[in-house]
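**Student:** First, the structure itself, so that you have it in front of you.
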Protein chains: 2
Amino acid sequence: AQTANGGGGGGTRVMIIGGDGYCGWATALHLSARGYEVCIVDNLCRRQFDLTLGLDTLTPITSIHDRVRTWGEISGRHIDLQIGDICDWEFLSQAVTSFRPDAMVHFGEQRSAPYSMIDRQRAVFTQHNNVIGNINVMFAIKELVPDCHLVKLGTMGEYGTPNIDIEEGFITINHNGRTDTLPYPKQGNSFYHLSKIHDSHNIHFATKAWKLAATDLNQGVVYGVRTEETVAHPALINRYDYDGVFGTALNRFVVQAAVGHPLTVYGKGGQTRGFLDIRDTVRCIQIAIDNPANKGEFRVFNQFTEQFSVNQLADIVTREGKKLGLTVEVTNVPNPRVEAEEHYYNAKCSKLQDLGLEPHLLQDSMIDSLLEFVVQYKDRCKMELIKPAVDWRKAGVKVNTMGAAVAAK
Amino acid sequence: AQTANGGGGGGTRVMIIGGDGYCGWATALHLSARGYEVCIVDNLCRRQFDLTLGLDTLTPITSIHDRVRTWGEISGRHIDLQIGDICDWEFLSQAVTSFRPDAMVHFGEQRSAPYSMIDRQRAVFTQHNNVIGNINVMFAIKELVPDCHLVKLGTMGEYGTPNIDIEEGFITINHNGRTDTLPYPKQGNSFYHLSKIHDSHNIHFATKAWKLAATDLNQGVVYGVRTEETVAHPALINRYDYDGVFGTALNRFVVQAAVGHPLTVYGKGGQTRGFLDIRDTVRCIQIAIDNPANKGEFRVFNQFTEQFSVNQLADIVTREGKKLGLTVEVTNVPNPRVEAEEHYYNAKCSKLQDLGLEPHLLQDSMIDSLLEFVVQYKDRCKMELIKPAVDWRKAGVKVNTMGAAVAAK
Ligand SMILES: NC(=O)c1ccc[n+]([C@@H]2O[C@H](COP(=O)([O-])OP(=O)(O)OC[C@H]3O[C@@H](n4cnc5c(N)ncnc54)[C@H](O)[C@@H]3O)[C@@H](O)[C@H]2O)c1
Ligand SMILES: NC(=O)c1ccc[n+]([C@@H]2O[C@H](COP(=O)([O-])OP(=O)(O)OC[C@H]3O[C@@H](n4cnc5c(N)ncnc54)[C@H](O)[C@@H]3O)[C@@H](O)[C@H]2O)c1
């Protein structure tokens with residue numbers, strides 16, 4: 001086993017909730033390859049959303065059972081697999097009791113803002129699934145593995161777009177001659193983002209009331225798909241979402257460029273956010289595990305490396321696409337979201353770098369290789385899934401049977 | 001019909017969710033008496049909690065059906081009654097569609113901090129019941145009655161005990177040379193308080209995304225029991241909780257003084273909170289309804305009139321009890337909660353007074369008459385229910401069958 005930042009897991013037991021997902025799968029392999037004992041917990045609801053809505057990952061992913069089996073064969077390392085819903089306490093408590101994690105990395109939430117805005121049922125599902133699942137995780141740690149470090153995925157979207165600098169979790173406020181350092185004010189822009197705000201408040205309380213050790217990672221938008229381990233065998237390939245519900249900004253633009261669809265800039269395109277390469281996601285998680293929060297500590301890191309506006313991303317992808325001989329156009333579509341389209345944005349992200357993160361920046365070469373990778377799968381792309389699929393203002397109480405709508409085209 | 005602050009309902013249609021509860025019942029009668037058209041929505045879960053845990057109100061309340069019938073007989077005014085759970089969308093949408101409220105006053109949540117800390121199941125119930133119920137209410141307004149004003153009961157406990165002044169909902173922050181007015185940072189001290197923080201964030205979003213008109217009332221601890229209308233007939237009497245789960249600070253002290261139980265000060269007793277008379281609760285609601293928020297506005301009022309520390313309250317009750325010939329002792333019990341016991345506290349509460357609230361302050365006469373009223377019912381008091389019943393640190397995953405524990409004594 002190596003030292004804290006060096007990459008040696010040394011048998012540290014890590015439960016990865018949501019380990020079949022985009023970030024979770026890459027992280028599970030990254031840690032397993034480095035000597036951590038990994039257990040994946042997932043109820044596969046993400047795959048079910050695709051089935052229900054008629055969506056699909058661009059990349060041909062295999063079943064979680066095949067993924068884990070293949071990894072065992074090529075690496076000689078075992079990943080434990082527990083299929084079930086963390087909202088189901090009987091399941092979760094059994095999984096935690098049997099695996100006894102030193103750290104729980106909690107990716108296991110409904111993570112799409114548009115999905116949470118489809119209709120009332122999905123809004124309710126999102127907040128219930130995320131908030132109750134996370135409460136169960138906190139109770140599991142408190143009662144079953146009290147020394148376990150909770151590493152929880154939040155989002156930079158919890159902060160909204162305030163007109164002042166965004167700090168990492170807390171802000172020192174001088175007010176009427178007095179001073180306190182308080183949780184940074186939160187403003188969510190979808191029922192999904194709000195569910196993460198709720199989680200953060202709940203976790204903060206548990207660190208105080210129960211002395212839980214917790215790290216809340218306010219992650220930016222992740223891009224890329226290949227990591228060292230997922231390229232080791234075709235059956236290990238990661239998912240890549242490009243549709244209007246689960247696809248995220250930069251990943252979507254790259255697919256659009258690859259298939260000759262105009263880049264869909266929502267509204268004015270001045271929306272600025274933090275971004276990071278998926279190869280940094282896995283490193284950030286490892287760094288958090290290797291440098292755990294203290295008991296009673298609610299530690300918040302902003303997990304991104306660079307900030308870009310949507311227009312800047314469109315420019316970069318256009319330029320790089322042209323270099324590869326692709327015709328890339330940009331179209332400004334009416335913004336289906338309710339959000340500021342021009343705003344100040346200056347978010348801090350130094351704490352993970354202080355602990356050793358060496359960012360993969362969004363260089364031309366990165367976009368090039370991502371574009372080249374994506375082009376290989378362009379025949380799997382369904383053009384009708386690209387358009388923005390969910391309008392914030394239209395989120396209604398009527399059940400929105402989107403799958404049927406797509407099929408009917 | 002009179003003008004805005006004068007008390008004339010003028011047929012304004014008000015749905016009171018949680019109208020069988022302590023604040024809701026008093027408010028329903030107050031508004032009905034003043035010419036508002038009132039509809040009570042309640043699933044009676046509060047009565048079920050009492051049955052399950054072996055608790056009871058000090059005052060002999062009648063069924064909601066008898067309450068509403070009696071009110072109709074003595075006042076000649078009809079109160080509509082819809083029994084059901086607002087987490088049940090079919091029920092709520094039907095109730096809203098048939099009544100078509102101009103304002104929805106939302107008291108209908110699980111409102112006890114100790115209840116939310118009994119065990120995992122009750123923590124989960126509290127956040128699910130409160131957060132999902134409130135989401136349903138927001139969707140009902142958006143889709144069924146978009147001009148309806150949401151008047152939502154929050155709690156002063158959402159703010160926690162920061163070391164700076166507590167503003168009403170928002171705070172202007174100067175930071176690194178820039179300025180913004182942002183939601184006041186929130187720090188909840190129980191799963192109940194946290195559920196209210198979640199509600200506030202969700203509502204703030206809905207005002208922005210859907211142009212809902214909402215007033216969030218961060219209410220202090222309510223004391224007292226009699227209002228003009230509830231004293232008009234014995235069947236209209238309001239509930240009065242004194243037990244360790246649902247009883248609140250001052251109301252509990254008054255009962256303790258009346259029955260000769262030492263006043264149970266938790267820990268050092270320096271905990272300071274905002275308080276208000278229930279006769280002001282009903283007025284505050286009326287003021288909020290008469291002066292609705294604008295569409296798209298998230299308006300926050302701190303709804304209390306005076307702040308006291310627990311020790312100050314114990315002193316006042318001791319002094320007034322002695323005047324009435326009662327022997328009043330004070331005992332410092334180990335604090336079952338996790339909270340600061342000595343802290344700065346300076347919360348603002350001017351907005352409701354600017355709109356016309358004339359506070360009933362906690363004068364000696366108030367305590368006297370409350371004590372005298374409570375003494376009438378002292379034979380109904382079960383001494384074993386007085387002790388603090390729930391320890392924050394012991395909230396566990398094992399189902400806590402508290403009813404059985406009390407019965408076994
Ligand atoms: N992808 C991004 O750009 C991004 C950005 C910021 C934050 N995040 C956060 O990182 C985490 C992972 O994101 P992702 O993109 O990998 O999402 P994903 O949807 O690909 O993966 C989430 C996984 O969690 C599982 N899951 C959901 N609810 C569950 C439950 N109740 N019980 C068990 N498993 C459950 C799903 O089946 C899925 O496999 C999420 O919490 C997300 O909010 C992601
Ligand atoms: N009493 C206080 O001191 C105080 C202080 C601050 C804030 N508040 C807030 O004011 C509101 C009313 O408080 P209260 O003391 O009257 O509480 P209460 O428990 O006496 O009344 C709440 C009522 O809501 C009903 N209810 C709960 N969940 C429901 C659901 N899902 N569907 C339908 N009905 C439901 C209950 O049956 C009950 O009758 C609460 O939201 C509470 O958080 C109260």
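All residue names refer to the structure tokens as shown: chains lettered A, B, ... in order, residues numbered from 1 in each chain, ligands numbered from 1 in order.
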Contacts of region 98-110 of chain A at 7 Å or less, counting only C-alpha atoms, minus same-chain residues fewer than 5 places along, as a PyMOL selection string?
**Tutor:** chain A and resi 12-18+24+42+126+129-130+145+148-153+289
**Student:** What does the file look like for those residues with N, CA and C atoms, as a PDB file, in the first residue's frame?
**Tutor:**
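File written: selection_25.pdb
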```pdb
ATOM      1  N   THR A  12      -8.380  -0.760   2.075  1.00  0.00           N
ATOM      2  CA  THR A  12      -9.486   0.075   2.563  1.00  0.00           C
ATOM      3  C   THR A  12     -10.784  -0.391   1.898  1.00  0.00           C
ATOM      4  N   ARG A  13     -11.820  -0.568   2.707  1.00  0.00           N
ATOM      5  CA  ARG A  13     -13.075  -1.120   2.206  1.00  0.00           C
ATOM      6  C   ARG A  13     -14.015   0.019   1.797  1.00  0.00           C
ATOM      7  N   VAL A  14     -14.333   0.068   0.524  1.00  0.00           N
ATOM      8  CA  VAL A  14     -15.124   1.179   0.003  1.00  0.00           C
ATOM      9  C   VAL A  14     -16.411   0.658  -0.633  1.00  0.00           C
ATOM     10  N   MET A  15     -17.530   1.102  -0.098  1.00  0.00           N
ATOM     11  CA  MET A  15     -18.822   0.775  -0.706  1.00  0.00           C
ATOM     12  C   MET A  15     -19.182   1.887  -1.683  1.00  0.00           C
ATOM     13  N   ILE A  16     -19.474   1.513  -2.906  1.00  0.00           N
ATOM     14  CA  ILE A  16     -19.805   2.515  -3.918  1.00  0.00           C
ATOM     15  C   ILE A  16     -21.276   2.394  -4.279  1.00  0.00           C
ATOM     16  N   ILE A  17     -22.052   3.303  -3.719  1.00  0.00           N
ATOM     17  CA  ILE A  17     -23.486   3.294  -3.987  1.00  0.00           C
ATOM     18  C   ILE A  17     -23.708   4.019  -5.311  1.00  0.00           C
ATOM     19  N   GLY A  18     -24.407   3.371  -6.227  1.00  0.00           N
ATOM     20  CA  GLY A  18     -24.536   3.916  -7.579  1.00  0.00           C
ATOM     21  C   GLY A  18     -23.360   3.504  -8.449  1.00  0.00           C
ATOM     22  N   GLY A  24     -19.869   6.263 -10.979  1.00  0.00           N
ATOM     23  CA  GLY A  24     -19.661   5.185 -10.012  1.00  0.00           C
ATOM     24  C   GLY A  24     -18.873   4.023 -10.590  1.00  0.00           C
ATOM     25  N   ASP A  42     -26.190  -0.968  -6.110  1.00  0.00           N
ATOM     26  CA  ASP A  42     -26.964  -0.252  -7.129  1.00  0.00           C
ATOM     27  C   ASP A  42     -28.289  -0.996  -7.335  1.00  0.00           C
ATOM     28  N   THR A 126     -37.779  11.870  -7.441  1.00  0.00           N
ATOM     29  CA  THR A 126     -36.408  12.352  -7.288  1.00  0.00           C
ATOM     30  C   THR A 126     -36.125  12.766  -5.854  1.00  0.00           C
ATOM     31  N   ASN A 129     -36.411   9.560  -3.522  1.00  0.00           N
ATOM     32  CA  ASN A 129     -35.303   8.618  -3.748  1.00  0.00           C
ATOM     33  C   ASN A 129     -33.998   9.177  -3.167  1.00  0.00           C
ATOM     34  N   ASN A 130     -33.734  10.442  -3.441  1.00  0.00           N
ATOM     35  CA  ASN A 130     -32.446  11.001  -3.042  1.00  0.00           C
ATOM     36  C   ASN A 130     -32.395  11.310  -1.553  1.00  0.00           C
ATOM     37  N   VAL A 145     -21.744   1.190  11.258  1.00  0.00           N
ATOM     38  CA  VAL A 145     -20.305   1.376  11.025  1.00  0.00           C
ATOM     39  C   VAL A 145     -19.928   2.819  11.365  1.00  0.00           C
ATOM     40  N   CYS A 148     -17.155   4.862   9.737  1.00  0.00           N
ATOM     41  CA  CYS A 148     -17.127   4.918   8.273  1.00  0.00           C
ATOM     42  C   CYS A 148     -17.231   6.371   7.792  1.00  0.00           C
ATOM     43  N   HIS A 149     -16.453   6.702   6.810  1.00  0.00           N
ATOM     44  CA  HIS A 149     -16.425   8.051   6.231  1.00  0.00           C
ATOM     45  C   HIS A 149     -17.447   8.133   5.087  1.00  0.00           C
ATOM     46  N   LEU A 150     -18.379   9.070   5.206  1.00  0.00           N
ATOM     47  CA  LEU A 150     -19.353   9.272   4.137  1.00  0.00           C
ATOM     48  C   LEU A 150     -18.786  10.239   3.103  1.00  0.00           C
ATOM     49  N   VAL A 151     -18.684   9.773   1.871  1.00  0.00           N
ATOM     50  CA  VAL A 151     -18.246  10.631   0.772  1.00  0.00           C
ATOM     51  C   VAL A 151     -19.445  10.783  -0.152  1.00  0.00           C
ATOM     52  N   LYS A 152     -20.054  11.953  -0.091  1.00  0.00           N
ATOM     53  CA  LYS A 152     -21.356  12.138  -0.723  1.00  0.00           C
ATOM     54  C   LYS A 152     -21.232  13.039  -1.945  1.00  0.00           C
ATOM     55  N   LEU A 153     -21.819  12.621  -3.047  1.00  0.00           N
ATOM     56  CA  LEU A 153     -21.801  13.457  -4.236  1.00  0.00           C
ATOM     57  C   LEU A 153     -22.920  14.476  -4.198  1.00  0.00           C
ATOM     58  N   ILE A 289     -11.196   9.825   0.020  1.00  0.00           N
ATOM     59  CA  ILE A 289     -11.119   8.618   0.852  1.00  0.00           C
ATOM     60  C   ILE A 289      -9.786   8.556   1.596  1.00  0.00           C
TER      61      ILE A 289
END
```
**Student:** List every residue of region 118-347 of chain B that DSSP, applied to the backbone of this structure, places in strand (DSSP E), and write the result as a PyMOL selection string.
**Tutor:** chain B and resi 149-155+170-175+178-183+213-219+221-223+263-266+272-277+298-303+306-309+330-333
**Student:** When the cut-off is 6 Å and we count only C-alpha atoms, which residues of chain B are near chain A, given as a PyMOL selection string?
**Tutor:** chain B and resi 163-164+178+180+183+185+198+209+338
**Student:** How many Å separate atom 29 (C, counted along the ligand's line) of ligand 1 from CA of Ser200 (chain A)?
**Tutor:**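 That distance, rounded to one decimal, is 17.1 Å.
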**Student:** Quick one: superpose chain B on chain A on all Cα atoms, same order, and give the RMSD.
**Tutor:**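 The superposed chains show a C-alpha RMSD of 0.0 Å.
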**Student:** Taking 2 positions as the minimum chain separation for residues in the same chain, which residues sit within 7 Å of region 266-283 of chain B when counting only C-alpha atoms? Answer as a compact mmCIF listing (two decimals) with N, CA, C and O atoms, in the first residue's frame.
**Tutor:**
```txt
# COMPACT_ATOMS: atom_id res chain seq x y z
N ALA B 26 -57.43 26.91 15.42
CA ALA B 26 -57.67 28.29 15.87
C ALA B 26 -57.77 29.23 14.67
O ALA B 26 -58.61 30.15 14.65
N THR B 27 -56.94 28.99 13.66
CA THR B 27 -56.94 29.86 12.47
C THR B 27 -58.22 29.67 11.65
O THR B 27 -58.80 30.64 11.16
N HIS B 30 -60.94 31.54 13.43
CA HIS B 30 -60.69 32.99 13.35
C HIS B 30 -61.11 33.52 11.98
O HIS B 30 -61.79 34.55 11.89
N GLY B 220 -42.20 31.27 15.35
CA GLY B 220 -41.57 30.94 16.63
C GLY B 220 -42.40 29.91 17.37
O GLY B 220 -43.35 29.34 16.83
N VAL B 221 -42.03 29.69 18.64
CA VAL B 221 -42.76 28.73 19.46
C VAL B 221 -44.08 29.38 19.91
O VAL B 221 -44.07 30.49 20.45
N VAL B 222 -45.17 28.68 19.68
CA VAL B 222 -46.49 29.24 20.01
C VAL B 222 -46.86 28.85 21.43
O VAL B 222 -46.61 27.72 21.86
N TYR B 223 -47.46 29.78 22.17
CA TYR B 223 -47.97 29.45 23.52
C TYR B 223 -49.40 29.94 23.65
O TYR B 223 -49.88 30.76 22.87
N GLY B 224 -50.05 29.42 24.70
CA GLY B 224 -51.44 29.80 24.93
C GLY B 224 -52.35 28.77 24.28
O GLY B 224 -51.89 27.81 23.64
N VAL B 225 -53.64 28.96 24.48
CA VAL B 225 -54.57 27.98 23.93
C VAL B 225 -55.91 28.62 23.55
O VAL B 225 -56.51 28.25 22.56
N THR B 227 -58.50 31.24 22.08
CA THR B 227 -58.72 32.36 21.15
C THR B 227 -60.20 32.72 21.27
O THR B 227 -61.00 31.96 21.85
N THR B 264 -38.83 21.52 33.70
CA THR B 264 -37.70 20.77 33.12
C THR B 264 -36.91 21.64 32.16
O THR B 264 -37.21 21.71 30.96
N ILE B 285 -51.64 35.00 10.18
CA ILE B 285 -52.12 34.30 8.99
C ILE B 285 -53.09 35.20 8.23
O ILE B 285 -53.02 35.32 7.00
N GLN B 286 -53.98 35.82 8.98
CA GLN B 286 -54.95 36.70 8.32
C GLN B 286 -54.24 37.85 7.59
O GLN B 286 -54.59 38.19 6.45
N ILE B 287 -53.24 38.42 8.24
CA ILE B 287 -52.49 39.52 7.62
C ILE B 287 -51.81 39.05 6.34
O ILE B 287 -51.82 39.74 5.31
N PHE B 304 -42.91 35.84 15.00
CA PHE B 304 -42.86 35.74 16.47
C PHE B 304 -42.87 37.17 16.98
O PHE B 304 -42.76 38.12 16.19
N THR B 305 -43.01 37.33 18.27
CA THR B 305 -43.13 38.70 18.78
C THR B 305 -42.07 39.05 19.81
O THR B 305 -41.72 40.21 19.96
N GLU B 306 -41.56 38.06 20.54
CA GLU B 306 -40.56 38.32 21.58
C GLU B 306 -39.62 37.14 21.65
O GLU B 306 -40.01 36.01 21.40
N GLN B 307 -38.37 37.39 22.06
CA GLN B 307 -37.48 36.25 22.26
C GLN B 307 -37.12 36.10 23.73
O GLN B 307 -36.98 37.07 24.47
N PHE B 308 -37.05 34.86 24.17
CA PHE B 308 -36.72 34.53 25.56
C PHE B 308 -35.76 33.35 25.58
O PHE B 308 -35.82 32.47 24.70
N SER B 309 -34.94 33.30 26.63
CA SER B 309 -34.20 32.06 26.88
C SER B 309 -35.07 31.15 27.72
O SER B 309 -36.05 31.58 28.37
N VAL B 310 -34.74 29.88 27.71
CA VAL B 310 -35.48 28.91 28.52
C VAL B 310 -35.43 29.30 29.99
O VAL B 310 -36.44 29.24 30.71
N ASN B 311 -34.27 29.76 30.45
CA ASN B 311 -34.17 30.19 31.86
C ASN B 311 -35.08 31.37 32.16
O ASN B 311 -35.70 31.44 33.23
N ASN B 332 -32.73 21.20 36.29
CA ASN B 332 -31.97 21.15 35.03
C ASN B 332 -31.75 19.69 34.67
O ASN B 332 -31.01 18.98 35.33
N VAL B 333 -32.44 19.25 33.62
CA VAL B 333 -32.28 17.86 33.18
C VAL B 333 -31.22 17.80 32.08
O VAL B 333 -31.01 18.79 31.37
N PRO B 334 -30.55 16.65 31.96
CA PRO B 334 -29.57 16.55 30.86
C PRO B 334 -30.26 16.84 29.54
O PRO B 334 -31.37 16.36 29.30
N ASN B 335 -29.64 17.63 28.72
CA ASN B 335 -30.28 18.03 27.46
C ASN B 335 -30.37 16.85 26.50
O ASN B 335 -29.35 16.31 26.07
N ALA B 340 -26.74 24.34 20.91
CA ALA B 340 -25.97 25.29 21.72
C ALA B 340 -26.82 25.70 22.92
O ALA B 340 -28.00 26.01 22.76
N GLU B 341 -26.24 25.68 24.11
CA GLU B 341 -27.01 26.04 25.31
C GLU B 341 -26.72 27.46 25.78
O GLU B 341 -27.37 27.96 26.69
N GLU B 342 -25.72 28.08 25.17
CA GLU B 342 -25.43 29.49 25.43
C GLU B 342 -25.00 30.07 24.09
O GLU B 342 -24.05 29.57 23.48
N TYR B 345 -28.30 35.51 20.14
CA TYR B 345 -29.55 35.36 19.41
C TYR B 345 -30.23 36.71 19.27
O TYR B 345 -30.61 37.34 20.26
N LEU B 357 -49.71 43.85 12.53
CA LEU B 357 -49.81 42.98 13.71
C LEU B 357 -49.58 43.78 14.98
O LEU B 357 -48.59 44.50 15.10
N PRO B 359 -48.85 42.95 18.64
CA PRO B 359 -48.51 41.75 19.41
C PRO B 359 -49.20 41.70 20.78
O PRO B 359 -49.35 42.72 21.46
N HIS B 360 -49.62 40.50 21.15
CA HIS B 360 -49.95 40.20 22.55
C HIS B 360 -48.64 39.82 23.21
O HIS B 360 -48.13 38.73 22.95
```
**Student:** I'd like to know which residues of region 164-203 of chain A are alpha helix (DSSP H) (by DSSP, run on the backbone); could you write them as a list in words?
**Tutor:** Phe191, Tyr192, His193, Leu194, Ser195, Lys196, Ile197, His198, Asp199, Ser200, His201, Asn202 and Ile203 of chain A
**Student:** Just N, CA, C and O atoms for this one: save the residues we selected as a CSV table (one decimal), in the first residue's frame.
**Tutor:**
```csv
chain,number,residue,atom,x,y,z
A,191,PHE,N,-35.9,20.2,-9.2
A,191,PHE,CA,-36.1,19.4,-8.1
A,191,PHE,C,-34.9,18.5,-7.8
A,191,PHE,O,-34.7,18.1,-6.7
A,192,TYR,N,-34.2,18.2,-8.9
A,192,TYR,CA,-32.9,17.4,-8.7
A,192,TYR,C,-31.9,18.2,-7.8
A,192,TYR,O,-31.4,17.7,-6.8
A,193,HIS,N,-31.6,19.4,-8.3
A,193,HIS,CA,-30.6,20.2,-7.6
A,193,HIS,C,-31.1,20.4,-6.2
A,193,HIS,O,-30.3,20.4,-5.2
A,194,LEU,N,-32.4,20.7,-6.0
A,194,LEU,CA,-32.9,20.9,-4.6
A,194,LEU,C,-32.7,19.7,-3.8
A,194,LEU,O,-32.4,19.8,-2.6
A,195,SER,N,-32.8,18.5,-4.3
A,195,SER,CA,-32.7,17.3,-3.5
A,195,SER,C,-31.2,17.2,-3.0
A,195,SER,O,-31.0,16.7,-1.8
A,196,LYS,N,-30.3,17.7,-3.7
A,196,LYS,CA,-28.9,17.7,-3.2
A,196,LYS,C,-28.7,18.7,-2.1
A,196,LYS,O,-27.9,18.5,-1.2
A,197,ILE,N,-29.4,19.9,-2.2
A,197,ILE,CA,-29.3,20.9,-1.2
A,197,ILE,C,-29.9,20.2,0.1
A,197,ILE,O,-29.3,20.4,1.2
A,198,HIS,N,-31.0,19.5,0.0
A,198,HIS,CA,-31.6,18.9,1.2
A,198,HIS,C,-30.6,17.9,1.8
A,198,HIS,O,-30.4,17.8,3.0
A,199,ASP,N,-30.0,17.1,0.9
A,199,ASP,CA,-29.0,16.1,1.4
A,199,ASP,C,-27.9,16.8,2.2
A,199,ASP,O,-27.5,16.4,3.3
A,200,SER,N,-27.4,17.9,1.7
A,200,SER,CA,-26.3,18.7,2.3
A,200,SER,C,-26.7,19.1,3.7
A,200,SER,O,-26.0,19.0,4.7
A,201,HIS,N,-27.9,19.7,3.8
A,201,HIS,CA,-28.4,20.1,5.1
A,201,HIS,C,-28.5,18.9,6.1
A,201,HIS,O,-28.2,19.0,7.2
A,202,ASN,N,-29.1,17.9,5.6
A,202,ASN,CA,-29.3,16.7,6.4
A,202,ASN,C,-27.9,16.1,6.9
A,202,ASN,O,-27.8,15.8,8.1
A,203,ILE,N,-27.0,16.1,6.0
A,203,ILE,CA,-25.6,15.6,6.4
A,203,ILE,C,-25.0,16.5,7.4
A,203,ILE,O,-24.4,16.0,8.4
```
**Student:** Skipping near chain neighbours, those fewer than 5 positions away, what residues fall within 12 Å of region 66-79 of chain A using only C-alpha atoms, listed as a ChimeraX atom specification?
**Tutor:** /A:11,13-16,19-21,25-41,60-61,99,229-239
**Student:** In terms of the shortest atom-to-atom distance over only C-alpha atoms, which of B:Gly244, B:Gly356, B:Gly157, B:Gly260 is closest to Gly54 (chain B)?
**Tutor:**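 Looking at the shortest contact to Gly54 (chain B), the residue is B:Gly244.
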**Student:** Give me, please, the distance in Å between CA of Pro146 (chain B) and CA of Asn302 (chain B), quoted to one decimal.
**Tutor:**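 Atom-to-atom, CA of Pro146 (chain B) and CA of Asn302 (chain B) are spaced 25.3 Å apart.
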**Student:** Using only C-alpha atoms, determine which residues lie at most 9 Å from Asp243 (chain B), disregarding the query and same-chain residues fewer than 2 positions distant; provide the list as a list in words.
**Tutor:**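 Once the adjacent positions are removed, what remains is Leu55, Asp56, Thr57, Asp241, Val245, Phe246, Gly247, Thr248, Arg252, Lys382, Met383, Glu384, Leu385, Ile386, Lys387, Pro388 and Ala389 of chain B.
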**Student:** Ranking A:Gly160, A:Pro114, A:Gly84, A:Pro262 by minimum distance to ligand 1 and counting only C-alpha atoms and all ligand atoms, which one comes first?
**Tutor:**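 Under the stated criterion, the closest residue is A:Gly84.
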**Student:** If I take CA of Ser116 (chain A) and atom 36 (C, counted along the ligand's line) of ligand 1, how far is one from the other in Å, to one decimal?
**Tutor:**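 Interatomic distance here is 14.3 Å.
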